[in-house]
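Q: The file below is protein37.cif, mmCIF, C-alpha atoms:
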```cif
data_my_file
#
loop_
_atom_site.label_atom_id
_atom_site.label_comp_id
_atom_site.auth_asym_id
_atom_site.auth_seq_id
_atom_site.Cartn_x
_atom_site.Cartn_y
_atom_site.Cartn_z
CA MET T 1 15.46 -12.66 31.76
CA THR T 2 16.54 -13.23 28.21
CA TYR T 3 16.95 -16.90 29.06
CA SER T 4 13.19 -17.32 29.15
CA TYR T 5 13.31 -17.08 25.36
CA LEU T 6 15.60 -20.09 25.10
CA PRO T 7 12.71 -22.47 24.23
CA ILE T 8 11.96 -20.37 21.12
CA LEU T 9 15.57 -20.67 20.04
CA ILE T 10 15.49 -24.42 20.56
CA LEU T 11 12.23 -24.59 18.61
CA LEU T 12 13.82 -22.66 15.72
CA PHE T 13 16.81 -25.01 15.76
CA VAL T 14 14.64 -28.14 15.78
CA ALA T 15 12.47 -26.75 12.98
CA ALA T 16 15.51 -25.97 10.84
CA VAL T 17 17.04 -29.41 11.44
CA LEU T 18 13.74 -31.15 10.74
CA GLY T 19 13.28 -29.28 7.48
CA ALA T 20 16.84 -29.99 6.40
CA VAL T 21 16.49 -33.70 7.26
CA PHE T 22 13.27 -34.08 5.29
CA LEU T 23 14.66 -32.32 2.25
CA SER T 24 17.91 -34.24 2.25
CA LEU T 25 16.15 -37.59 2.83
CA ASN T 26 13.96 -36.82 -0.14
CA TRP T 27 17.03 -35.97 -2.16
CA ILE T 28 18.94 -39.10 -1.15
CA LEU T 29 16.12 -41.65 -1.38
CA GLY T 30 14.05 -40.20 -4.20
CA ARG T 31 14.59 -40.72 -7.88
CA HIS T 32 15.68 -37.75 -9.92
CA GLN T 33 13.51 -37.32 -12.96
CA ARG T 34 13.84 -34.04 -14.74
CA ASN T 35 11.43 -34.18 -17.62
CA PRO T 36 9.22 -31.19 -18.49
CA SER T 37 6.00 -32.58 -17.05
CA LYS T 38 7.76 -33.44 -13.79
CA LEU T 39 9.04 -29.90 -13.48
CA SER T 40 5.75 -28.20 -14.31
CA PRO T 41 4.05 -26.44 -11.39
CA TYR T 42 1.03 -28.74 -11.30
CA GLU T 43 2.38 -32.23 -11.62
CA SER T 44 -1.04 -33.77 -12.10
CA GLY T 45 -1.16 -32.47 -15.66
CA VAL T 46 -3.36 -29.41 -15.43
CA PRO T 47 -1.96 -26.88 -17.91
CA LEU T 48 -1.23 -23.40 -16.68
CA LEU T 49 -3.70 -20.67 -17.57
CA ASP T 50 -1.14 -17.94 -17.44
CA GLU T 51 2.35 -17.21 -16.26
CA ASN T 52 2.93 -16.53 -12.60
CA ARG T 53 4.93 -13.34 -12.99
CA LYS T 54 2.14 -11.04 -13.97
CA ARG T 55 1.68 -7.45 -13.14
CA VAL T 56 -0.83 -7.27 -10.32
CA ASN T 57 -3.40 -4.58 -9.78
CA VAL T 58 -2.25 -1.57 -7.78
CA ARG T 59 -5.12 -2.23 -5.38
CA PHE T 60 -3.17 -5.04 -3.76
CA TYR T 61 -0.47 -2.54 -2.94
CA GLN T 62 -3.02 -0.12 -1.53
CA ILE T 63 -4.55 -2.73 0.72
CA ALA T 64 -1.09 -3.79 1.92
CA MET T 65 -0.20 -0.15 2.62
CA LEU T 66 -3.37 0.44 4.62
CA PHE T 67 -2.77 -2.81 6.48
CA ILE T 68 0.71 -1.69 7.53
CA LEU T 69 -0.51 1.72 8.67
CA PHE T 70 -3.21 0.26 10.90
CA ASP T 71 -0.75 -2.41 12.00
CA ILE T 72 1.58 0.31 13.24
CA GLU T 73 -1.33 2.00 14.99
CA ALA T 74 -2.04 -1.26 16.78
CA ALA T 75 1.66 -1.62 17.68
CA PHE T 76 1.49 1.79 19.37
CA LEU T 77 -1.47 0.60 21.41
CA TYR T 78 0.40 -2.21 23.16
CA PRO T 79 2.78 -0.18 25.36
CA TRP T 80 -0.03 2.28 26.01
CA ALA T 81 -2.34 -0.47 27.22
CA VAL T 82 0.38 -1.85 29.48
CA ILE T 83 0.96 1.42 31.30
CA TYR T 84 -2.70 2.40 31.23
CA ARG T 85 -3.51 -0.64 33.34
CA SER T 86 -1.23 0.48 36.11
CA MET T 87 -1.92 4.21 36.02
CA ILE T 88 -5.37 5.09 34.81
CA SER T 89 -5.52 8.79 34.00
CA TRP T 90 -7.46 11.11 31.72
CA TYR T 91 -4.14 12.40 30.42
CA LEU T 92 -3.11 9.03 29.04
CA PHE T 93 -6.64 8.37 27.80
CA GLY T 94 -6.83 11.73 26.04
CA GLU T 95 -3.55 11.41 24.19
CA MET T 96 -4.43 8.00 22.83
CA LEU T 97 -7.88 9.33 21.90
CA LEU T 98 -6.22 12.13 19.95
CA PHE T 99 -3.92 9.62 18.24
CA ILE T 100 -6.81 7.41 17.21
CA LEU T 101 -8.94 10.38 16.15
CA LEU T 102 -6.19 11.64 13.85
CA LEU T 103 -5.96 8.22 12.24
CA GLY T 104 -9.75 8.05 12.25
CA VAL T 105 -9.76 11.01 9.90
CA GLY T 106 -7.67 8.95 7.50
CA TYR T 107 -9.95 5.97 8.00
CA VAL T 108 -13.03 8.00 7.08
CA TYR T 109 -11.19 9.43 4.06
CA VAL T 110 -10.20 5.96 2.87
CA TRP T 111 -13.73 4.74 3.37
CA LYS T 112 -15.28 7.67 1.50
CA LYS T 113 -12.79 7.18 -1.35
CA ARG T 114 -14.09 3.60 -1.61
CA ALA T 115 -10.61 2.15 -1.30
CA PHE T 116 -12.00 -0.76 0.66
CA ASP T 117 -14.39 -1.66 -2.14
CA TRP T 118 -12.89 -4.12 -4.55
CA LYS T 119 -15.16 -3.22 -7.45
CA MET S 1 29.41 -26.89 29.79
CA ASP S 2 29.47 -24.00 32.22
CA ALA S 3 31.51 -21.97 29.82
CA ILE S 4 28.92 -22.49 27.11
CA ALA S 5 26.05 -21.59 29.43
CA SER S 6 27.64 -18.38 30.58
CA ASN S 7 28.55 -17.39 27.05
CA ALA S 8 25.22 -18.38 25.54
CA PRO S 9 24.19 -14.84 24.55
CA LEU S 10 27.55 -14.34 22.85
CA VAL S 11 27.25 -17.63 20.98
CA VAL S 12 23.70 -16.79 19.88
CA PHE S 13 24.83 -13.33 18.86
CA ILE S 14 27.66 -14.68 16.73
CA VAL S 15 25.51 -17.32 15.05
CA ILE S 16 22.46 -15.12 14.45
CA GLY S 17 24.58 -12.10 13.54
CA THR S 18 26.45 -14.15 10.96
CA ILE S 19 23.17 -15.36 9.47
CA ALA S 20 21.85 -11.78 9.42
CA VAL S 21 24.91 -10.42 7.62
CA ALA S 22 25.00 -13.33 5.18
CA ALA S 23 21.29 -12.98 4.44
CA SER S 24 21.51 -9.26 3.89
CA PHE S 25 24.44 -9.88 1.55
CA LEU S 26 22.34 -12.37 -0.38
CA VAL S 27 19.53 -9.81 -0.62
CA VAL S 28 21.65 -7.75 -2.98
CA MET S 29 23.25 -10.75 -4.72
CA MET S 30 20.09 -12.59 -5.74
CA ARG S 31 18.94 -12.30 -9.35
CA ASN S 32 15.33 -13.15 -8.58
CA PRO S 33 13.75 -10.24 -6.65
CA VAL S 34 11.38 -12.58 -4.83
CA HIS S 35 14.37 -14.49 -3.47
CA SER S 36 15.87 -11.18 -2.38
CA ALA S 37 12.66 -10.37 -0.52
CA LEU S 38 12.71 -13.73 1.25
CA PHE S 39 16.31 -13.22 2.35
CA LEU S 40 15.31 -9.78 3.61
CA LEU S 41 12.66 -11.53 5.69
CA LEU S 42 15.35 -13.77 7.15
CA THR S 43 17.42 -10.68 7.97
CA PHE S 44 14.46 -9.06 9.75
CA LEU S 45 13.87 -12.17 11.85
CA CYS S 46 17.56 -12.41 12.79
CA VAL S 47 17.52 -8.76 13.86
CA ALA S 48 14.48 -9.55 16.02
CA VAL S 49 16.54 -12.22 17.78
CA LEU S 50 19.34 -9.69 18.31
CA PHE S 51 16.79 -7.34 19.92
CA VAL S 52 15.76 -10.11 22.30
CA ILE S 53 19.40 -10.64 23.27
CA LYS S 54 19.57 -6.94 24.16
CA ALA S 55 16.44 -7.44 26.34
CA ALA S 56 14.33 -5.27 24.04
CA GLU S 57 11.45 -7.70 23.74
CA PHE S 58 8.87 -5.17 22.69
CA VAL S 59 11.00 -3.94 19.81
CA ALA S 60 11.58 -7.56 18.80
CA ALA S 61 7.84 -8.22 18.75
CA VAL S 62 7.20 -5.09 16.70
CA GLN S 63 10.03 -6.10 14.37
CA VAL S 64 8.30 -9.40 13.70
CA LEU S 65 4.79 -7.94 13.51
CA VAL S 66 5.41 -4.82 11.45
CA TYR S 67 8.55 -5.55 9.46
CA ALA S 68 8.35 -9.29 8.89
CA GLY S 69 4.56 -9.24 8.71
CA GLY S 70 3.58 -6.00 7.03
CA ILE S 71 6.50 -4.44 5.23
CA MET S 72 7.56 -7.71 3.63
CA VAL S 73 4.08 -8.06 2.12
CA LEU S 74 4.42 -4.55 0.76
CA PHE S 75 7.84 -5.36 -0.74
CA LEU S 76 6.49 -8.48 -2.39
CA PHE S 77 3.61 -6.53 -3.86
CA VAL S 78 6.03 -3.93 -5.18
CA VAL S 79 8.09 -6.69 -6.78
CA MET S 80 4.92 -8.00 -8.41
CA LEU S 81 3.82 -4.48 -9.40
CA ILE S 82 6.98 -3.66 -11.29
CA ASN S 83 7.00 -7.19 -12.70
CA VAL S 84 10.62 -7.96 -13.41
CA ARG S 85 10.49 -10.95 -15.68
CA HIS S 86 14.07 -11.82 -16.35
CA LEU S 87 16.89 -9.74 -15.14
CA PRO S 88 19.46 -9.50 -17.87
CA ASP S 89 22.75 -11.18 -17.12
CA GLU S 90 24.44 -8.01 -16.15
CA LYS S 91 27.82 -7.76 -14.61
CA MET S 92 27.82 -7.58 -10.85
CA THR S 93 30.37 -4.81 -10.85
CA THR S 94 29.98 -1.49 -12.59
CA SER S 95 31.93 1.72 -12.66
CA TYR S 96 30.02 2.73 -9.52
CA THR S 97 31.29 -0.23 -7.50
CA LEU S 98 34.36 1.50 -6.14
CA GLY S 99 32.37 4.56 -5.12
CA GLY S 100 29.75 2.33 -3.50
CA ILE S 101 32.37 0.50 -1.46
CA GLY S 102 33.85 3.85 -0.45
CA VAL S 103 30.49 5.17 0.76
CA GLY S 104 29.84 1.90 2.60
CA VAL S 105 33.15 2.04 4.42
CA ALA S 106 32.58 5.70 5.29
CA ILE S 107 29.18 4.95 6.80
CA PHE S 108 30.64 2.01 8.71
CA VAL S 109 33.34 4.25 10.17
CA LEU S 110 30.69 6.82 11.10
CA PHE S 111 28.59 4.23 12.88
CA PHE S 112 31.64 2.81 14.57
CA ALA S 113 32.64 6.26 15.84
CA VAL S 114 29.17 7.25 17.04
CA VAL S 115 27.70 4.00 18.33
CA ARG S 116 30.55 2.84 20.48
CA THR S 117 30.15 0.12 23.06
CA GLY S 118 28.34 1.49 26.05
CA ALA S 119 27.70 4.86 24.47
CA TYR S 120 23.96 4.55 25.04
CA HIS S 121 23.97 2.34 28.08
CA ASP S 122 23.49 4.88 30.83
CA GLU S 123 21.30 7.32 29.00
CA ALA S 124 17.86 6.67 30.38
CA PRO S 125 17.74 9.97 32.26
CA ASN S 126 14.45 10.75 33.93
CA ALA S 127 12.69 7.76 32.50
CA ALA S 128 14.22 5.52 35.14
CA LYS S 129 12.96 7.70 37.97
CA LYS S 130 9.43 7.89 36.68
CA LEU S 131 9.32 4.19 36.01
CA THR S 132 9.41 3.31 39.68
CA THR S 133 5.80 4.46 39.93
CA VAL S 134 4.58 1.52 37.85
CA ARG S 135 2.57 -0.73 40.05
CA GLU S 136 1.07 -4.15 39.69
CA GLN S 137 -1.59 -6.09 41.49
CA VAL S 138 -0.39 -9.19 43.27
CA LEU S 139 -2.04 -11.79 45.42
CA THR S 140 -0.43 -12.05 48.80
CA GLN S 141 -1.23 -13.83 52.03
CA HIS S 142 -3.56 -12.11 54.41
CA PRO S 143 -1.55 -10.75 57.37
CA THR S 144 -3.62 -12.55 60.02
CA ASP S 145 -5.69 -15.22 58.33
CA PRO S 146 -3.40 -17.71 56.53
CA ASN S 147 -6.29 -19.17 54.51
CA LYS S 148 -7.07 -15.89 52.80
CA LEU S 149 -5.46 -14.09 49.93
CA VAL S 150 -5.61 -10.34 49.41
CA ARG S 151 -4.96 -8.23 46.39
CA LYS S 152 -2.24 -5.71 46.87
CA TRP S 153 -0.59 -3.03 44.79
CA ARG S 154 3.13 -3.08 44.81
CA ALA S 155 5.87 -1.33 42.93
CA LYS S 156 6.90 -3.38 39.97
CA ASP S 157 10.18 -3.98 38.26
CA ASN S 158 10.40 -2.12 35.02
CA ARG S 159 9.45 -4.11 32.04
CA ASN S 160 10.31 -3.46 28.46
CA ALA S 161 6.90 -2.51 27.07
CA GLU S 162 6.28 -0.33 30.11
CA ALA S 163 9.59 1.46 29.74
CA ILE S 164 8.72 2.23 26.13
CA GLY S 165 5.22 3.26 27.11
CA MET S 166 6.52 5.64 29.75
CA ALA S 167 9.01 7.20 27.39
CA LEU S 168 6.56 7.45 24.53
CA TYR S 169 3.42 8.61 26.29
CA ARG S 170 4.89 10.89 28.93
CA ASP S 171 8.31 12.17 27.87
CA TYR S 172 7.89 12.19 24.11
CA LEU S 173 4.21 12.95 23.74
CA VAL S 174 4.49 15.42 20.86
CA PRO S 175 6.61 13.18 18.60
CA PHE S 176 4.12 10.41 19.26
CA GLU S 177 1.18 12.54 18.12
CA VAL S 178 3.20 13.77 15.14
CA ALA S 179 3.72 10.11 14.23
CA SER S 180 -0.02 9.76 13.84
CA LEU S 181 0.05 12.69 11.41
CA PHE S 182 2.73 10.91 9.40
CA LEU S 183 0.60 7.79 9.28
CA LEU S 184 -2.32 9.92 8.13
CA VAL S 185 -0.23 11.47 5.35
CA ALA S 186 0.92 8.04 4.20
CA MET S 187 -2.64 6.75 4.22
CA ILE S 188 -4.02 9.62 2.15
CA GLY S 189 -1.00 9.56 -0.16
CA ALA S 190 -1.48 5.88 -0.95
CA ILE S 191 -5.10 6.49 -1.86
CA VAL S 192 -4.45 9.65 -3.88
CA ILE S 193 -1.71 8.04 -5.93
CA GLY S 194 -3.39 4.68 -6.31
CA LYS S 195 -6.95 5.77 -7.03
CA ARG S 196 -6.10 8.46 -9.56
CA GLU S 197 -8.56 8.52 -12.42
CA LEU S 198 -6.81 8.55 -15.76
CA SER S 199 -7.77 11.30 -18.16
CA ALA S 200 -8.90 10.39 -21.67
CA LEU S 201 -5.52 11.20 -23.16
CA GLU S 202 -3.64 9.26 -20.52
CA GLU S 203 -5.94 6.32 -21.02
CA GLU S 204 -4.97 6.20 -24.68
CA THR S 205 -1.26 6.42 -24.10
CA ALA S 206 -1.14 4.37 -20.93
CA PRO S 207 0.51 0.98 -21.26
CA ASP S 208 -1.70 -2.03 -20.85
CA TYR S 209 -0.73 -2.82 -17.34
CA MET S 210 -2.05 0.49 -16.03
CA LEU S 211 -5.51 -0.13 -17.37
CA GLU S 212 -8.01 -2.17 -15.54
CA ARG S 213 -8.28 -5.60 -16.99
CA VAL S 214 -10.76 -8.06 -15.63
CA GLU S 215 -10.82 -11.44 -17.27
CA THR S 216 -14.30 -12.67 -17.87
CA GLU S 217 -15.25 -16.28 -17.42
CA LYS S 218 -15.51 -16.68 -21.17
CA GLU S 219 -12.00 -15.42 -21.74
CA VAL S 220 -10.61 -17.88 -19.23
CA LYS S 221 -12.49 -20.72 -20.91
CA ASP S 222 -11.18 -19.67 -24.30
CA LEU S 223 -7.70 -19.64 -22.91
CA VAL S 224 -8.10 -23.14 -21.49
CA ASN S 225 -9.49 -24.44 -24.78
CA ALA S 226 -6.68 -22.81 -26.71
CA ASN S 227 -4.20 -24.77 -24.67
#
```
Can you give me the file's structure in the form of structure tokens?

A:
Amino acid sequence: MTYSYLPILILLFVAAVLGAVFLSLNWILGRHQRNPSKLSPYESGVPLLDENRKRVNVRFYQIAMLFILFDIEAAFLYPWAVIYRSMISWYLFGEMLLFILLLGVGYVYVWKKRAFDWK
Amino acid sequence: MDAIASNAPLVVFIVIGTIAVAASFLVVMMRNPVHSALFLLLTFLCVAVLFVIKAAEFVAAVQVLVYAGGIMVLFLFVVMLINVRHLPDEKMTTSYTLGGIGVGVAIFVLFFAVVRTGAYHDEAPNAAKKLTTVREQVLTQHPTDPNKLVRKWRAKDNRNAEAIGMALYRDYLVPFEVASLFLLVAMIGAIVIGKRELSALEEETAPDYMLERVETEKEVKDLVNAN
């Protein structure tokens, strides 16, 4: 059964080899110029507005956190959906309803706290 | 060739396991925290492959979706939040190193003693019995008319996601619902901590980065002109 995943492994291998070949070809054939303008992030000469390592707003973290939580909720739905197809019952339906309702409370709270608003 | 084919899972395990261990070692060795995060991503993906080898496809998929997709984003944001500019060239070893190695070895011995080979292999107690009730719809030939197909229910071999579903939604219902409470707590906690209004005093003493700072268009233009 695990052998059906062999194509993915082969794909990973080919992707790794391809990437390595391109990078090493570039290294072997290309010229090595290490002057400041060559090493700047935008080679076309646009000066940087700011540095890249800046402290970001905590909102990004909040959005990421909420994303993960709802992501986990969705992950719980997959095995439920698989068994619900083969044995439809109010019991199964009710427990998932309770699960989603509990998280729905959090959803309403987040909404009311305007955490989804960027302003 | 036959030897390779029959040992393929072992070969994959050795290769992927080596990459996983090496990557997780590099996570703690890297000076740049973003590089550490990327090596952590590699570790997560390697562990997903190991799950597939153990025929736990669902866990592998969740590993990729939740860990590699979600938690890595969170880690990267945390790295950007705390904003480590340049780590000082500190020594890699401190006075805690010996103690750290000791704790590591102790935990390894504990794991080795508890998670022995085969220790968890035959422990799917009543789940296995219940699982036989999973059915699937299949198209089969009509018993008399060979040109017709009929839909039939038949008992199905247990699949990974189904096995987890059965365990989670029938045998371990309460922990599952408690999990939703944990998610709720995390959700509210993130908002409470993140959306806290600063009092007047705090606003005065707060460092710059805690205050809202929105660059106006004019400021950006000034900055460009200054350069």

Q: May I have the residues of chain S within 6 Å of chain T, counting all atoms listed in the file, written as a PyMOL selection string?

A: chain S and resi 70+74+77+80-81+83+135+161-162+165+177+180+184

Q: Give the answer as one residue: which of S:Leu45, S:Ile193, S:Ala37, S:Val73 has the shortest atom-to-atom distance to Ala60 in chain S, using all atoms listed in the file?

A: S:Leu45

Q: Using Å and a single decimal, report how far CA of Phe51 in chain S sits from CA of Pro9 in chain S.

A: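 If I compute the distance from CA of Pro9 in chain S to CA of Phe51 in chain S, I get 11.5 Å.
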
Q: Expressed in Å to a single decimal, how great is the separation between CA of Ile82 in chain S and CA of Leu40 in chain S?

A: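 Separation of CA of Ile82 in chain S and CA of Leu40 in chain S: 18.1 Å.
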
Q: One decimal, Å: what's the distance from CA of Val12 in chain S over to CA of Ala48 in chain S, could you say?

A: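 Between CA of Val12 in chain S and CA of Ala48 in chain S the gap is 12.3 Å.
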